[in-house]
$ cat my_file.cif   # mmCIF, C-alpha atoms
data_target
#
loop_
_atom_site.label_atom_id
_atom_site.label_comp_id
_atom_site.auth_asym_id
_atom_site.auth_seq_id
_atom_site.Cartn_x
_atom_site.Cartn_y
_atom_site.Cartn_z
CA MET L 1 -34.30 -142.80 70.30
CA ALA L 2 -32.42 -144.70 73.00
CA VAL L 3 -30.06 -142.71 75.20
CA ALA L 4 -26.41 -143.72 74.80
CA PHE L 5 -25.32 -145.95 77.69
CA GLU L 6 -22.63 -143.55 78.89
CA LYS L 7 -25.15 -140.68 79.01
CA ARG L 8 -27.80 -142.48 81.04
CA ASN L 9 -28.55 -141.34 84.58
CA PHE L 10 -28.38 -144.63 86.46
CA GLN L 11 -29.45 -143.09 89.76
CA LYS L 12 -32.63 -141.69 88.20
CA GLU L 13 -33.38 -145.06 86.63
CA LEU L 14 -32.95 -146.74 90.02
CA GLU L 15 -35.26 -144.22 91.66
CA ARG L 16 -37.96 -144.83 89.06
CA LEU L 17 -37.69 -148.59 89.61
CA ILE L 18 -37.98 -148.16 93.37
CA GLN L 19 -41.07 -145.95 92.96
CA LYS L 20 -42.77 -148.60 90.83
CA GLN L 21 -41.96 -151.32 93.36
CA GLU L 22 -43.25 -149.27 96.26
CA ALA L 23 -46.47 -148.48 94.40
CA ALA L 24 -46.96 -152.21 93.82
CA GLY L 25 -46.07 -153.08 97.42
CA ILE L 26 -43.12 -155.20 96.31
CA VAL L 27 -39.89 -155.73 98.31
CA PRO L 28 -37.55 -157.66 95.96
CA ARG L 29 -34.60 -159.83 96.97
CA LEU L 30 -31.22 -158.32 96.07
CA LEU L 31 -27.79 -159.97 96.04
CA LEU L 32 -25.37 -157.14 96.72
CA HIS L 33 -21.72 -157.72 95.89
CA SER L 34 -19.62 -155.76 98.38
CA CYS L 35 -15.98 -154.80 98.05
CA CYS L 36 -15.66 -153.64 101.67
CA ALA L 37 -17.65 -152.45 104.68
CA PRO L 38 -17.06 -148.70 104.14
CA CYS L 39 -18.32 -148.81 100.55
CA SER L 40 -21.28 -150.96 101.56
CA SER L 41 -22.33 -148.69 104.43
CA TYR L 42 -24.33 -146.10 102.49
CA VAL L 43 -25.51 -148.64 99.92
CA ILE L 44 -26.99 -150.82 102.67
CA GLU L 45 -28.49 -147.80 104.42
CA TYR L 46 -30.14 -146.70 101.18
CA LEU L 47 -31.22 -149.97 99.56
CA SER L 48 -32.32 -151.84 102.70
CA GLN L 49 -35.33 -149.53 102.80
CA PHE L 50 -36.58 -151.03 99.54
CA PHE L 51 -34.95 -154.47 99.14
CA LEU L 52 -34.29 -157.64 101.10
CA ILE L 53 -30.50 -157.61 100.85
CA THR L 54 -27.99 -160.40 101.05
CA VAL L 55 -24.42 -159.11 100.97
CA PHE L 56 -22.10 -161.28 98.90
CA TYR L 57 -18.46 -160.78 99.85
CA TYR L 58 -16.44 -162.06 96.91
CA ASN L 59 -13.08 -160.35 96.40
CA PRO L 60 -10.32 -162.68 95.19
CA ASN L 61 -8.42 -159.60 94.02
CA ILE L 62 -7.22 -158.93 97.58
CA SER L 63 -3.65 -160.19 97.51
CA LYS L 64 -2.90 -160.57 101.25
CA GLU L 65 -5.02 -163.03 103.21
CA GLU L 66 -4.59 -161.02 106.41
CA GLU L 67 -6.04 -157.97 104.64
CA TYR L 68 -8.85 -160.08 103.20
CA ARG L 69 -9.81 -161.51 106.60
CA LYS L 70 -9.77 -158.08 108.21
CA ARG L 71 -12.14 -156.71 105.57
CA VAL L 72 -14.48 -159.70 105.89
CA GLU L 73 -14.80 -159.23 109.65
CA GLU L 74 -15.47 -155.50 109.25
CA GLN L 75 -18.18 -156.27 106.72
CA LYS L 76 -19.88 -158.73 109.08
CA ARG L 77 -19.57 -156.33 112.00
CA PHE L 78 -21.22 -153.50 110.10
CA ILE L 79 -24.12 -155.74 109.06
CA ARG L 80 -24.58 -156.81 112.71
CA GLU L 81 -24.47 -153.29 114.09
CA PHE L 82 -26.37 -151.30 111.47
CA PRO L 83 -30.14 -150.99 112.19
CA ALA L 84 -31.36 -151.71 108.66
CA LYS L 85 -35.11 -151.43 107.99
CA ASN L 86 -35.11 -154.90 106.45
CA LYS L 87 -32.81 -157.62 107.78
CA VAL L 88 -29.52 -157.95 105.87
CA ASP L 89 -27.98 -161.40 105.37
CA PHE L 90 -24.39 -162.30 104.47
CA ILE L 91 -22.66 -164.81 102.22
CA GLU L 92 -18.89 -165.11 101.96
CA GLY L 93 -17.55 -166.29 98.61
CA ASP L 94 -14.40 -168.30 98.01
CA TYR L 95 -11.10 -166.57 98.60
CA ASP L 96 -9.44 -167.79 95.42
CA THR L 97 -6.70 -165.39 94.35
CA LYS L 98 -5.75 -167.67 91.46
CA SER L 99 -8.97 -166.75 89.65
CA PHE L 100 -8.03 -163.08 89.86
CA TYR L 101 -4.48 -163.53 88.56
CA THR L 102 -5.78 -165.70 85.73
CA SER L 103 -8.40 -163.16 84.71
CA VAL L 104 -5.95 -160.22 84.56
CA LYS L 105 -3.02 -162.10 83.01
CA GLY L 106 -1.26 -159.89 80.46
CA LEU L 107 -2.75 -156.72 81.99
CA GLU L 108 -0.47 -156.48 85.02
CA HIS L 109 1.07 -153.19 83.90
CA CYS L 110 -2.17 -151.46 82.90
CA LYS L 111 -2.88 -148.11 84.51
CA GLU L 112 -5.15 -148.21 87.54
CA GLY L 113 -8.76 -147.79 86.43
CA GLY L 114 -8.17 -149.34 83.00
CA GLU L 115 -8.63 -152.71 81.34
CA ARG L 116 -7.20 -154.71 84.25
CA CYS L 117 -9.82 -153.21 86.56
CA PHE L 118 -12.58 -153.93 84.03
CA LYS L 119 -11.57 -157.60 84.01
CA CYS L 120 -11.71 -157.57 87.80
CA TYR L 121 -15.20 -156.04 87.72
CA GLU L 122 -16.27 -158.78 85.33
CA LEU L 123 -14.80 -161.57 87.47
CA ARG L 124 -16.63 -160.47 90.61
CA LEU L 125 -19.91 -159.57 88.92
CA LYS L 126 -20.03 -162.83 86.95
CA LYS L 127 -19.77 -164.80 90.19
CA THR L 128 -22.47 -162.61 91.73
CA ALA L 129 -24.79 -163.04 88.76
CA SER L 130 -24.34 -166.81 88.84
CA LEU L 131 -25.14 -167.01 92.55
CA ALA L 132 -28.12 -164.67 92.16
CA LYS L 133 -29.54 -166.99 89.51
CA GLU L 134 -28.82 -170.10 91.56
CA LEU L 135 -30.54 -168.70 94.67
CA SER L 136 -33.45 -167.08 92.76
CA PHE L 137 -32.74 -163.46 93.64
CA ASP L 138 -34.74 -160.79 91.81
CA TYR L 139 -31.70 -158.55 91.27
CA PHE L 140 -27.97 -158.36 91.76
CA THR L 141 -25.64 -155.36 91.86
CA THR L 142 -22.38 -154.12 93.41
CA THR L 143 -21.23 -151.44 95.83
CA LEU L 144 -18.28 -150.59 93.57
CA SER L 145 -19.96 -147.62 91.87
CA ILE L 146 -19.88 -145.64 95.11
CA SER L 147 -16.17 -145.00 94.63
CA PRO L 148 -15.15 -141.91 92.61
CA LEU L 149 -12.24 -144.06 91.34
CA LYS L 150 -14.50 -146.71 89.79
CA ASN L 151 -16.02 -146.42 86.31
CA SER L 152 -19.77 -146.59 86.92
CA VAL L 153 -20.61 -146.69 83.20
CA LYS L 154 -18.38 -149.74 82.71
CA LEU L 155 -19.71 -151.39 85.85
CA ASN L 156 -23.31 -151.01 84.68
CA GLU L 157 -22.46 -152.10 81.16
CA ILE L 158 -20.72 -155.26 82.39
CA GLY L 159 -23.38 -155.94 85.01
CA GLN L 160 -26.26 -155.63 82.59
CA GLN L 161 -24.58 -157.90 80.04
CA LEU L 162 -23.80 -160.57 82.64
CA GLY L 163 -27.34 -160.32 83.98
CA GLU L 164 -28.77 -160.97 80.52
CA GLU L 165 -26.48 -163.97 80.10
CA ALA L 166 -27.37 -165.40 83.51
CA GLY L 167 -31.07 -164.61 83.29
CA VAL L 168 -31.30 -162.32 86.33
CA ASP L 169 -31.78 -158.54 86.39
CA TYR L 170 -28.84 -156.26 87.17
CA LEU L 171 -29.78 -153.30 89.34
CA LEU L 172 -28.41 -150.26 87.50
CA SER L 173 -26.85 -147.83 89.95
CA ASP L 174 -24.34 -145.08 90.60
CA PHE L 175 -24.16 -144.92 94.36
CA LYS L 176 -21.77 -141.99 94.50
CA LYS L 177 -24.65 -139.77 93.33
CA LYS L 178 -26.72 -137.75 95.81
CA GLU L 179 -23.63 -137.51 98.06
CA GLY L 180 -23.54 -141.27 98.54
CA TYR L 181 -19.75 -141.32 98.77
CA LYS L 182 -19.79 -138.52 101.34
CA ARG L 183 -22.37 -140.39 103.37
CA SER L 184 -20.25 -143.56 103.27
CA ILE L 185 -17.37 -141.63 104.83
CA GLN L 186 -19.68 -140.32 107.56
CA LEU L 187 -20.98 -143.80 108.32
CA SER L 188 -17.45 -145.21 108.33
CA LYS L 189 -16.50 -142.71 111.00
CA GLU L 190 -19.67 -143.34 112.98
CA TYR L 191 -19.07 -147.10 113.04
CA ASN L 192 -15.29 -146.79 113.24
CA LEU L 193 -14.84 -148.92 110.13
CA TYR L 194 -11.44 -149.91 108.84
CA ARG L 195 -10.86 -147.89 105.65
CA GLN L 196 -8.11 -149.13 103.33
CA ASN L 197 -6.38 -146.81 100.86
CA TYR L 198 -6.25 -149.25 97.93
CA CYS L 199 -8.60 -151.79 96.34
CA GLY L 200 -6.67 -154.77 97.67
CA CYS L 201 -4.81 -156.09 94.65
CA ILE L 202 -1.01 -156.06 94.49
CA TYR L 203 -1.03 -153.87 91.37
CA SER L 204 -3.13 -151.18 93.02
CA GLN L 205 -0.92 -151.30 96.11
CA ASN L 206 2.23 -150.87 94.02
CA GLN L 207 0.78 -147.94 92.10
#
$ encode --input "my_file.cif" --output "structure tokens"
Amino acid sequence: MAVAFEKRNFQKELERLIQKQEAAGIVPRLLLHSCCAPCSSYVIEYLSQFFLITVFYYNPNISKEEEYRKRVEEQKRFIREFPAKNKVDFIEGDYDTKSFYTSVKGLEHCKEGGERCFKCYELRLKKTASLAKELSFDYFTTTLSISPLKNSVKLNEIGQQLGEEAGVDYLLSDFKKKEGYKRSIQLSKEYNLYRQNYCGCIYSQNQ
């Protein structure tokens, strides 16, 4: 009997996949959507041991361009400075805030962490899935699950569905597990990364 999606241990599933790949001597290509440098820090440290990563920075939810640019530069700086086992590449997506406001229209007053956020997950992951297919990546995933404030079950559910539609595998994950979030804070301090206190959208900032 299949385990209900919300009861699955995504970290264990990821570990099993990695073990199989290592046994076969495979190092797959992964398109990693990143929301910011601090959240990506542990994820890159962990996954770059087993994947050839390209970080995809696509975050049209960030309302202020100055904030957006600051986060982009921090992301690029971390990639340059971090001694990853396998080289990490970088792609910057379009900064198109209109796409975000269109996708969450009618949900402006939703509570943080609710349906508005789910639409935002979908917007960013759909773009990632499309690019992963276009560039022939083996997998795509996102750093978002490292945050205790993000719904990892919903992220994996949306990611898997979009992956099936696009024809590219979504890497199931819950990066906050095994003290991943704690490690991201340590790395942020070590690399003196700019850590923001909200996701970037105007609704999160107001709340």
$ closest_residue --input "my_file.cif" --among "L:Asp174, L:Glu157, L:Glu122, L:Glu45" --to "L:Ala4" --atoms "only C-alpha atoms"
L:Glu157
$ resolve_selection --input "my_file.cif" --expression "the PyMOL selection byres ((chain L and resi 172) around 7)" --output "list in words"
Phe10, Leu14, Asn156, Tyr170, Leu171 and Ser173 of chain L
$ atom_distance --input "my_file.cif" --atom1 "atom CA of L:Glu74" --atom2 "atom CA of L:Cys110"
29.8 Å
$ atom_distance --input "my_file.cif" --atom1 "atom CA of L:Cys36" --atom2 "atom CA of L:Arg71"
6.1 Å
$ resolve_selection --input "my_file.cif" --expression "the PyMOL selection byres ((chain L and resi 6) around 9)" --output "ChimeraX atom specification"
/L:3-5,7-9,153-154,157
$ atom_distance --input "my_file.cif" --atom1 "atom CA of L:Arg29" --atom2 "atom CA of L:Thr54"
7.8 Å
$ resolve_selection --input "my_file.cif" --expression "the PyMOL selection byres ((chain L and resi 51) around 12)" --output "number ranges by chain"
L: 17-18, 21-22, 25-32, 43-50, 52-55, 84-89, 137-141, 171
$ residues_around --input "my_file.cif" --residues "stretch 181-184 of chain L" --least-positions-apart "6" --cutoff "12 Å" --atoms "only C-alpha atoms" --output "number ranges by chain"
L: 36-46, 143-150, 174-175, 190-193, 195
$ closest_residue --input "my_file.cif" --among "L:Ile158, L:Ile62, L:Ile185, L:Cys35" --to "L:Ala129" --atoms "all atoms listed in the file"
L:Ile158
